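Below: the structure, in structure tokens.
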Amino acid sequence: MYFFIYAALLLLAIRLRKSIKLLPIAPKWNTPLYGIALSAIGLYFLVNDLVPRDEINGIIIAMVLLGVVLFFNKEPDFKGFSVMINAHYPLIAIALIANLTALINIKFYNKYDNFFESAQLAAFGWVFLRVATSKKQQSELKRISERKDELEILVAERTTEITKQRNELQETVKELQATQAQLIQQEKLASLGELTAGIAHEIQNPLNFVNNFSEVSMELIDEMEEEMAKGDMEEATAIANDIKQNLEKIRHHGKRADGIVKGMLQHSRASSNVKELTNLNTIADEYFRLAYHGLRAKDKSFNADLVTNFDPNLPEINIVSQDVGRVLLNMFTNAFYAVHQKQKTIGGDFKPKVEVSTRVISAANGKELEITVKDNGSGIPDAIKDKIMQPFFTTKPAGEGTGLGLSLSYDIIVKAHKGHIDIHSKEGEGTSFIITLPLA
Amino acid sequence: MKILVVDDEADVQPLFLQRFRKEIKNHEVEFNFAQSGEEALDYLKDKHSEVVLILSDINMPGMSGIELLTHIREDFPNPPPPVVMMITAYGDDENYQQAMAKGADDFLTKPLDFNLLKEKLKNL
């Protein structure tokens, strides 16, 4: 029976050699495995000649096989073939038991030799069975690894594709941001355009005063000289006082015009985003007048009652005044537009009225400034209340509104200044826009 | 001759007083001022018979000059009705037509030419 154990040793060496043929460890093990296979054959003939008893022969070869199997098991290079290698333990064990039994008690062995022999055959067959299973596992593993490679190629392709798409999207986002910046600038210029007439009116008035007061002052100087010639020093002094007052007025109106031009330039410039202490009453008043005269200049039939309820003790607030000014301008323009629309529809006794109020309120997290712009105009229909803050939403005819006013206002008040915009509106009765800005 | 000047700009008052310095001193004219249409109507309630000339700005917050003119023509029709001259920074045709249609006697544009105004006063 020992022939099977030699055969097992020979086959193990040959199979291992075949299995590793395509692996990087092949060059290292090719020769040793070949040697083991050859040694198995050589050993078979040598031991057969030298050892007279089959039982001892069997024990020797079983021990050799055990040694080889233990060696392979310890060798990390053959880790992947443990199923094939371990399959030899039953054969070794049965061979040792059978041959030892025969050596110790040949009678007992002979009585049960059928059993011992079939057990060894079965163990030999087990090796083949395990080898076959292992081969199947190997090919399965190979298939999986091929599939894995395919998938990896696919994943790499998809990744490239996605990266490309992401880069394209980033480009698009950049373009959109640039377009948005352009739109914001255009919106500013558009609102400036609406103001032009108002600004012209606002500048014309102080300029008229400058011209008139300087003209009249020249006349007064002539008169003063006449009075001095007459010796009426009292009258001359009175005239001199008037002249002094006039010069003060010329300066005042000059500054007024100067302030309007500066405000206009500031309005059209890109925002500096620098917060500075600002008196909200001042900018609210300024833009209130500009918005009113802007609309008046476009439509002479328009008239409205302008009411200001400014809190005289309003503390200064740290804001980007130019941006908040734009928000107020937008609110005023909308309010005037709303009352104008109502006036056009119902006409008659309707008295358009726009009211702006400022006050300090106490909120949960400190004091806040509240500006309310209230009109008695056409109001906002419920159906569009949710949409009015959306960019590009406008109820004005094409070409008259950009639809960006309120959405930009929202960005400026809520995002940049951590404030709120509340809207109370009833269709046909009017609208209140309430802006709150935190003081600290 | 009593003249009522209606303008929302407060500095119009010293301007008129100085421009008509001599005339006021010689008691040829007497000026009164109102800063809004409402204020003007209030003043006219008692004094409309004394006021000979009303000079009114058109563009004022609240009651506009045109509305004031309409009220004056409706409320004080009794002869002799006051002469009303409208003054505006917007000297366009539309404004002019509107003022004349509502019964204005004359139409002046800003900046006011005081010499022209004085000429017009002489002919009243």
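Following the order of the structure tokens, first chain is A, next is B, and so on, with residues numbered from 1 inside each chain and ligands from 1 in the order they appear.
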- Write out as an MDAnalysis selection string all residues of segment 309-372 of chain A that backbone DSSP assigns to alpha helix (DSSP H). chainID A and resid 321:346
Resulting file, chosen residues, N, CA, C and O atoms, as an mmCIF file, in the first residue's frame:
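Everything below was put into again.cif:
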data_model
loop_
_atom_site.group_PDB
_atom_site.id
_atom_site.type_symbol
_atom_site.label_atom_id
_atom_site.label_comp_id
_atom_site.auth_asym_id
_atom_site.auth_seq_id
_atom_site.Cartn_x
_atom_site.Cartn_y
_atom_site.Cartn_z
ATOM 1 N N SER A 321 -23.447 100.893 4.261
ATOM 2 C CA SER A 321 -24.550 101.840 4.044
ATOM 3 C C SER A 321 -25.009 101.854 2.595
ATOM 4 O O SER A 321 -26.187 101.999 2.309
ATOM 5 N N GLN A 322 -24.066 101.668 1.699
ATOM 6 C CA GLN A 322 -24.396 101.673 0.285
ATOM 7 C C GLN A 322 -25.366 100.544 -0.064
ATOM 8 O O GLN A 322 -26.332 100.737 -0.800
ATOM 9 N N ASP A 323 -25.097 99.355 0.505
ATOM 10 C CA ASP A 323 -25.953 98.201 0.228
ATOM 11 C C ASP A 323 -27.328 98.364 0.876
ATOM 12 O O ASP A 323 -28.353 98.117 0.248
ATOM 13 N N VAL A 324 -27.337 98.778 2.141
ATOM 14 C CA VAL A 324 -28.612 98.955 2.820
ATOM 15 C C VAL A 324 -29.398 100.088 2.139
ATOM 16 O O VAL A 324 -30.625 100.012 2.006
ATOM 17 N N GLY A 325 -28.684 101.103 1.663
ATOM 18 C CA GLY A 325 -29.314 102.191 0.913
ATOM 19 C C GLY A 325 -30.040 101.649 -0.318
ATOM 20 O O GLY A 325 -31.158 102.055 -0.628
ATOM 21 N N ARG A 326 -29.394 100.710 -0.989
ATOM 22 C CA ARG A 326 -30.013 100.113 -2.176
ATOM 23 C C ARG A 326 -31.282 99.360 -1.812
ATOM 24 O O ARG A 326 -32.268 99.377 -2.544
ATOM 25 N N VAL A 327 -31.240 98.662 -0.657
ATOM 26 C CA VAL A 327 -32.421 97.928 -0.213
ATOM 27 C C VAL A 327 -33.565 98.917 0.028
ATOM 28 O O VAL A 327 -34.689 98.718 -0.442
ATOM 29 N N LEU A 328 -33.241 100.018 0.731
ATOM 30 C CA LEU A 328 -34.281 101.017 1.026
ATOM 31 C C LEU A 328 -34.827 101.602 -0.265
ATOM 32 O O LEU A 328 -36.033 101.742 -0.438
ATOM 33 N N LEU A 329 -33.921 101.911 -1.175
ATOM 34 C CA LEU A 329 -34.336 102.475 -2.456
ATOM 35 C C LEU A 329 -35.307 101.527 -3.143
ATOM 36 O O LEU A 329 -36.342 101.939 -3.677
ATOM 37 N N ASN A 330 -34.957 100.238 -3.100
ATOM 38 C CA ASN A 330 -35.807 99.231 -3.711
ATOM 39 C C ASN A 330 -37.192 99.203 -3.053
ATOM 40 O O ASN A 330 -38.216 99.142 -3.729
ATOM 41 N N MET A 331 -37.207 99.265 -1.710
ATOM 42 C CA MET A 331 -38.479 99.250 -0.978
ATOM 43 C C MET A 331 -39.322 100.481 -1.349
ATOM 44 O O MET A 331 -40.524 100.382 -1.561
ATOM 45 N N PHE A 332 -38.661 101.640 -1.417
ATOM 46 C CA PHE A 332 -39.391 102.877 -1.741
ATOM 47 C C PHE A 332 -39.935 102.822 -3.171
ATOM 48 O O PHE A 332 -41.085 103.149 -3.423
ATOM 49 N N THR A 333 -39.060 102.381 -4.094
ATOM 50 C CA THR A 333 -39.490 102.308 -5.494
ATOM 51 C C THR A 333 -40.703 101.393 -5.610
ATOM 52 O O THR A 333 -41.679 101.724 -6.292
ATOM 53 N N ASN A 334 -40.645 100.246 -4.924
ATOM 54 C CA ASN A 334 -41.770 99.307 -4.957
ATOM 55 C C ASN A 334 -43.026 99.951 -4.380
ATOM 56 O O ASN A 334 -44.117 99.795 -4.920
ATOM 57 N N ALA A 335 -42.858 100.659 -3.252
ATOM 58 C CA ALA A 335 -44.011 101.274 -2.596
ATOM 59 C C ALA A 335 -44.652 102.316 -3.512
ATOM 60 O O ALA A 335 -45.880 102.328 -3.700
ATOM 61 N N PHE A 336 -43.814 103.162 -4.113
ATOM 62 C CA PHE A 336 -44.352 104.190 -5.012
ATOM 63 C C PHE A 336 -45.022 103.550 -6.222
ATOM 64 O O PHE A 336 -46.063 104.000 -6.690
ATOM 65 N N TYR A 337 -44.401 102.468 -6.703
ATOM 66 C CA TYR A 337 -44.973 101.769 -7.844
ATOM 67 C C TYR A 337 -46.360 101.226 -7.485
ATOM 68 O O TYR A 337 -47.310 101.350 -8.254
ATOM 69 N N ALA A 338 -46.462 100.667 -6.260
ATOM 70 C CA ALA A 338 -47.730 100.054 -5.831
ATOM 71 C C ALA A 338 -48.839 101.103 -5.697
ATOM 72 O O ALA A 338 -49.964 100.888 -6.154
ATOM 73 N N VAL A 339 -48.502 102.250 -5.092
ATOM 74 C CA VAL A 339 -49.555 103.270 -4.934
ATOM 75 C C VAL A 339 -49.913 103.874 -6.290
ATOM 76 O O VAL A 339 -51.064 104.224 -6.554
ATOM 77 N N HIS A 340 -48.900 103.961 -7.146
ATOM 78 C CA HIS A 340 -49.139 104.523 -8.476
ATOM 79 C C HIS A 340 -50.072 103.615 -9.272
ATOM 80 O O HIS A 340 -50.998 104.087 -9.944
ATOM 81 N N GLN A 341 -49.825 102.296 -9.173
ATOM 82 C CA GLN A 341 -50.680 101.336 -9.875
ATOM 83 C C GLN A 341 -52.120 101.479 -9.404
ATOM 84 O O GLN A 341 -53.042 101.472 -10.198
ATOM 85 N N LYS A 342 -52.268 101.616 -8.064
ATOM 86 C CA LYS A 342 -53.616 101.715 -7.506
ATOM 87 C C LYS A 342 -54.277 103.017 -7.965
ATOM 88 O O LYS A 342 -55.460 103.034 -8.297
ATOM 89 N N GLN A 343 -53.461 104.072 -7.997
ATOM 90 C CA GLN A 343 -53.995 105.362 -8.420
ATOM 91 C C GLN A 343 -54.489 105.287 -9.865
ATOM 92 O O GLN A 343 -55.527 105.832 -10.210
ATOM 93 N N LYS A 344 -53.720 104.571 -10.685
ATOM 94 C CA LYS A 344 -54.082 104.451 -12.087
ATOM 95 C C LYS A 344 -55.373 103.646 -12.251
ATOM 96 O O LYS A 344 -56.167 103.915 -13.145
ATOM 97 N N THR A 345 -55.558 102.620 -11.383
ATOM 98 C CA THR A 345 -56.743 101.765 -11.517
ATOM 99 C C THR A 345 -57.980 102.422 -10.947
ATOM 100 O O THR A 345 -59.015 102.457 -11.610
ATOM 101 N N ILE A 346 -57.900 102.935 -9.729
ATOM 102 C CA ILE A 346 -59.136 103.462 -9.147
ATOM 103 C C ILE A 346 -59.238 104.981 -9.239
ATOM 104 O O ILE A 346 -60.339 105.509 -9.267
#
Counting only C-alpha atoms, which residues of segment 44-122 of chain B fall within 10 Å of segment 197-208 of chain A, and what is the closest atom pair for each with its distance in Å at one decimal, ordered by chain and rising number, as a Markdown table?
| residue | atom | partner | partner_atom | distance |
| --- | --- | --- | --- | --- |
| B:Ala89 | CA | A:His201 | CA | 7.2 |
| B:Tyr90 | CA | A:His201 | CA | 8.4 |
| B:Lys110 | CA | A:Asn208 | CA | 7.4 |
| B:Pro111 | CA | A:Asn208 | CA | 5.4 |
| B:Leu112 | CA | A:Asn208 | CA | 8.1 |
- Message: Could you check the closest approach to chain A for each of B:Glu39, B:Asp7, B:Glu23, B:Glu94 and tell me which residue wins, using only C-alpha atoms?
- Response: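 Once distances to chain A are computed over only C-alpha atoms, the minimum belongs to B:Glu94.
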- Message: Calculated over only C-alpha atoms, which of the candidates B:Phe76, B:Tyr96, B:Phe107, B:Phe33 has the smallest distance to chain A?
- Response: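 Smallest distance to chain A is found for B:Tyr96.
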Interface rows for chain B against chain A: nearest pair, Å to one decimal, 9 Å, only C-alpha atoms, as JSON lines:
{"residue": "B:Glu9", "atom": "CA", "partner": "A:Asn205", "partner_atom": "CA", "distance": 8.8}
{"residue": "B:Asp11", "atom": "CA", "partner": "A:Phe209", "partner_atom": "CA", "distance": 7.8}
{"residue": "B:Val12", "atom": "CA", "partner": "A:Phe209", "partner_atom": "CA", "distance": 8.1}
{"residue": "B:Pro14", "atom": "CA", "partner": "A:Asn246", "partner_atom": "CA", "distance": 8.6}
{"residue": "B:Leu15", "atom": "CA", "partner": "A:Phe213", "partner_atom": "CA", "distance": 6.7}
{"residue": "B:Gln18", "atom": "CA", "partner": "A:Val216", "partner_atom": "CA", "distance": 6.9}
{"residue": "B:Arg19", "atom": "CA", "partner": "A:Val216", "partner_atom": "CA", "distance": 6.2}
{"residue": "B:Asn59", "atom": "CA", "partner": "A:Asn303", "partner_atom": "CA", "distance": 8.4}
{"residue": "B:Met60", "atom": "CA", "partner": "A:Asn303", "partner_atom": "CA", "distance": 8.5}
{"residue": "B:Pro61", "atom": "CA", "partner": "A:Asp305", "partner_atom": "CA", "distance": 5.7}
{"residue": "B:Gly62", "atom": "CA", "partner": "A:Asp305", "partner_atom": "CA", "distance": 4.1}
{"residue": "B:Met63", "atom": "CA", "partner": "A:Asp305", "partner_atom": "CA", "distance": 7.4}
{"residue": "B:Ser64", "atom": "CA", "partner": "A:Asn303", "partner_atom": "CA", "distance": 7.0}
{"residue": "B:Ala89", "atom": "CA", "partner": "A:His201", "partner_atom": "CA", "distance": 7.2}
{"residue": "B:Tyr90", "atom": "CA", "partner": "A:Ala297", "partner_atom": "CA", "distance": 7.9}
{"residue": "B:Glu94", "atom": "CA", "partner": "A:Lys300", "partner_atom": "CA", "distance": 8.0}
{"residue": "B:Asn95", "atom": "CA", "partner": "A:Lys300", "partner_atom": "CA", "distance": 7.3}
{"residue": "B:Lys110", "atom": "CA", "partner": "A:Asn208", "partner_atom": "CA", "distance": 7.4}
{"residue": "B:Pro111", "atom": "CA", "partner": "A:Asn208", "partner_atom": "CA", "distance": 5.4}
{"residue": "B:Leu112", "atom": "CA", "partner": "A:Asn208", "partner_atom": "CA", "distance": 8.1}
- Message: Report, in Å to a single decimal, how far apart atom CA of Lys118 of chain B and atom CA of Asp222 of chain A are.
- Response: 18.9 Å
- Item | Point-to-point distance in Å for atom CA of Leu295 of chain A and atom CA of Glu427 of chain A | 22.3 Å
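Take atom CA of Tyr89 of chain A and atom CA of Gln137 of chain A: the distance between them is 20.0 Å.
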- Task: Would you mind listing what lies within 8 Å of Asp105 of chain B as JSON, numbers by chain, with only C-alpha atoms counted and same-chain residues fewer than 5 positions away left out?
- Result: {"B": [83, 84, 85, 100]}
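If you count only C-alpha atoms and ignore residues fewer than 2 places along the chain from Leu69 of chain B, what sits within 9 Å of it is Gly37, Ser56, Ser64, Gly65, Ile66, Glu67, His71, Ile72, Arg73, Glu74, Val84, Met86, Ala99, Lys102, Gly103 and Ala104 of chain B.
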Those residues you just picked out, can you put them in a file as a compact mmCIF listing (two decimals), in the first residue's frame with N, CA, C and O atoms?
# COMPACT_ATOMS: atom_id res chain seq x y z
N GLY B 37 -49.31 122.79 0.22
CA GLY B 37 -50.62 123.16 -0.30
C GLY B 37 -51.64 123.27 0.81
O GLY B 37 -52.48 124.18 0.83
N SER B 56 -47.12 129.45 -6.67
CA SER B 56 -47.03 128.10 -6.07
C SER B 56 -46.12 127.17 -6.87
O SER B 56 -46.18 127.10 -8.09
N SER B 64 -50.18 118.57 -4.31
CA SER B 64 -49.32 119.19 -5.32
C SER B 64 -49.85 120.58 -5.66
O SER B 64 -50.96 120.95 -5.29
N GLY B 65 -49.03 121.35 -6.35
CA GLY B 65 -49.43 122.70 -6.74
C GLY B 65 -50.67 122.70 -7.60
O GLY B 65 -51.52 123.57 -7.50
N ILE B 66 -50.77 121.68 -8.47
CA ILE B 66 -51.93 121.59 -9.36
C ILE B 66 -53.22 121.36 -8.54
O ILE B 66 -54.25 121.98 -8.79
N GLU B 67 -53.10 120.49 -7.53
CA GLU B 67 -54.26 120.24 -6.66
C GLU B 67 -54.66 121.52 -5.91
O GLU B 67 -55.84 121.83 -5.77
N HIS B 71 -58.20 123.50 -5.96
CA HIS B 71 -58.94 123.90 -4.76
C HIS B 71 -59.21 125.40 -4.76
O HIS B 71 -60.31 125.84 -4.43
N ILE B 72 -58.19 126.20 -5.10
CA ILE B 72 -58.34 127.66 -5.07
C ILE B 72 -59.46 128.08 -6.03
O ILE B 72 -60.33 128.88 -5.68
N ARG B 73 -59.45 127.47 -7.23
CA ARG B 73 -60.46 127.87 -8.22
C ARG B 73 -61.86 127.43 -7.79
O ARG B 73 -62.86 128.10 -8.10
N GLU B 74 -61.93 126.27 -7.09
CA GLU B 74 -63.25 125.78 -6.65
C GLU B 74 -63.74 126.55 -5.42
O GLU B 74 -64.91 126.93 -5.33
N VAL B 84 -53.04 133.32 -9.97
CA VAL B 84 -52.21 132.20 -9.56
C VAL B 84 -51.14 131.94 -10.61
O VAL B 84 -51.46 131.76 -11.79
N MET B 86 -47.98 129.40 -11.48
CA MET B 86 -47.36 128.14 -11.11
C MET B 86 -45.85 128.18 -11.41
O MET B 86 -45.43 128.73 -12.42
N ALA B 99 -51.36 122.87 -15.99
CA ALA B 99 -51.54 124.05 -15.14
C ALA B 99 -52.54 125.03 -15.76
O ALA B 99 -53.46 125.52 -15.08
N LYS B 102 -56.12 123.84 -15.58
CA LYS B 102 -56.73 123.93 -14.25
C LYS B 102 -56.96 125.39 -13.82
O LYS B 102 -57.41 125.65 -12.71
N GLY B 103 -56.59 126.33 -14.70
CA GLY B 103 -56.93 127.72 -14.41
C GLY B 103 -55.80 128.59 -13.92
O GLY B 103 -56.02 129.61 -13.25
N ALA B 104 -54.54 128.22 -14.22
CA ALA B 104 -53.42 129.07 -13.81
C ALA B 104 -53.36 130.30 -14.71
O ALA B 104 -53.76 130.24 -15.88
- Which residues come within 10 Å of His27 of chain B, counting only C-alpha atoms, excluding same-chain residues fewer than 5 positions away, as a list in words? Met1, Arg21 and Lys22 of chain B
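With only C-alpha atoms taken into account, the protein and nucleic acid residues at most 9 Å from Ile41 of chain A (excluding it and anything under 6 positions from it in its own chain) are A:Tyr6, A:Ala7, A:Leu10.
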- Task: Pick out each residue of segment 204-372 of chain A that DSSP on the backbone tags as strand (DSSP E); I need them as number ranges by chain.
- Result: A: 276-278, 305-309, 317-319, 353-363, 366-372
- Any idea what's packed within 12 Å of segment 418-420 of chain A, counting only C-alpha atoms, ignoring anything in its chain fewer than 6 positions away? Could you give it as a list in words?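 Here the qualifying residues turn out to be Asn318, Ile319, Val324, Ala363, Asn365, Lys367, Glu368, Leu369, Glu370, Ile371, Thr372, Ser409, Tyr410, Asp411, Ile412, Phe433, Ile434, Ile435, Thr436, Leu437, Pro438, Leu439 and Ala440 of chain A.
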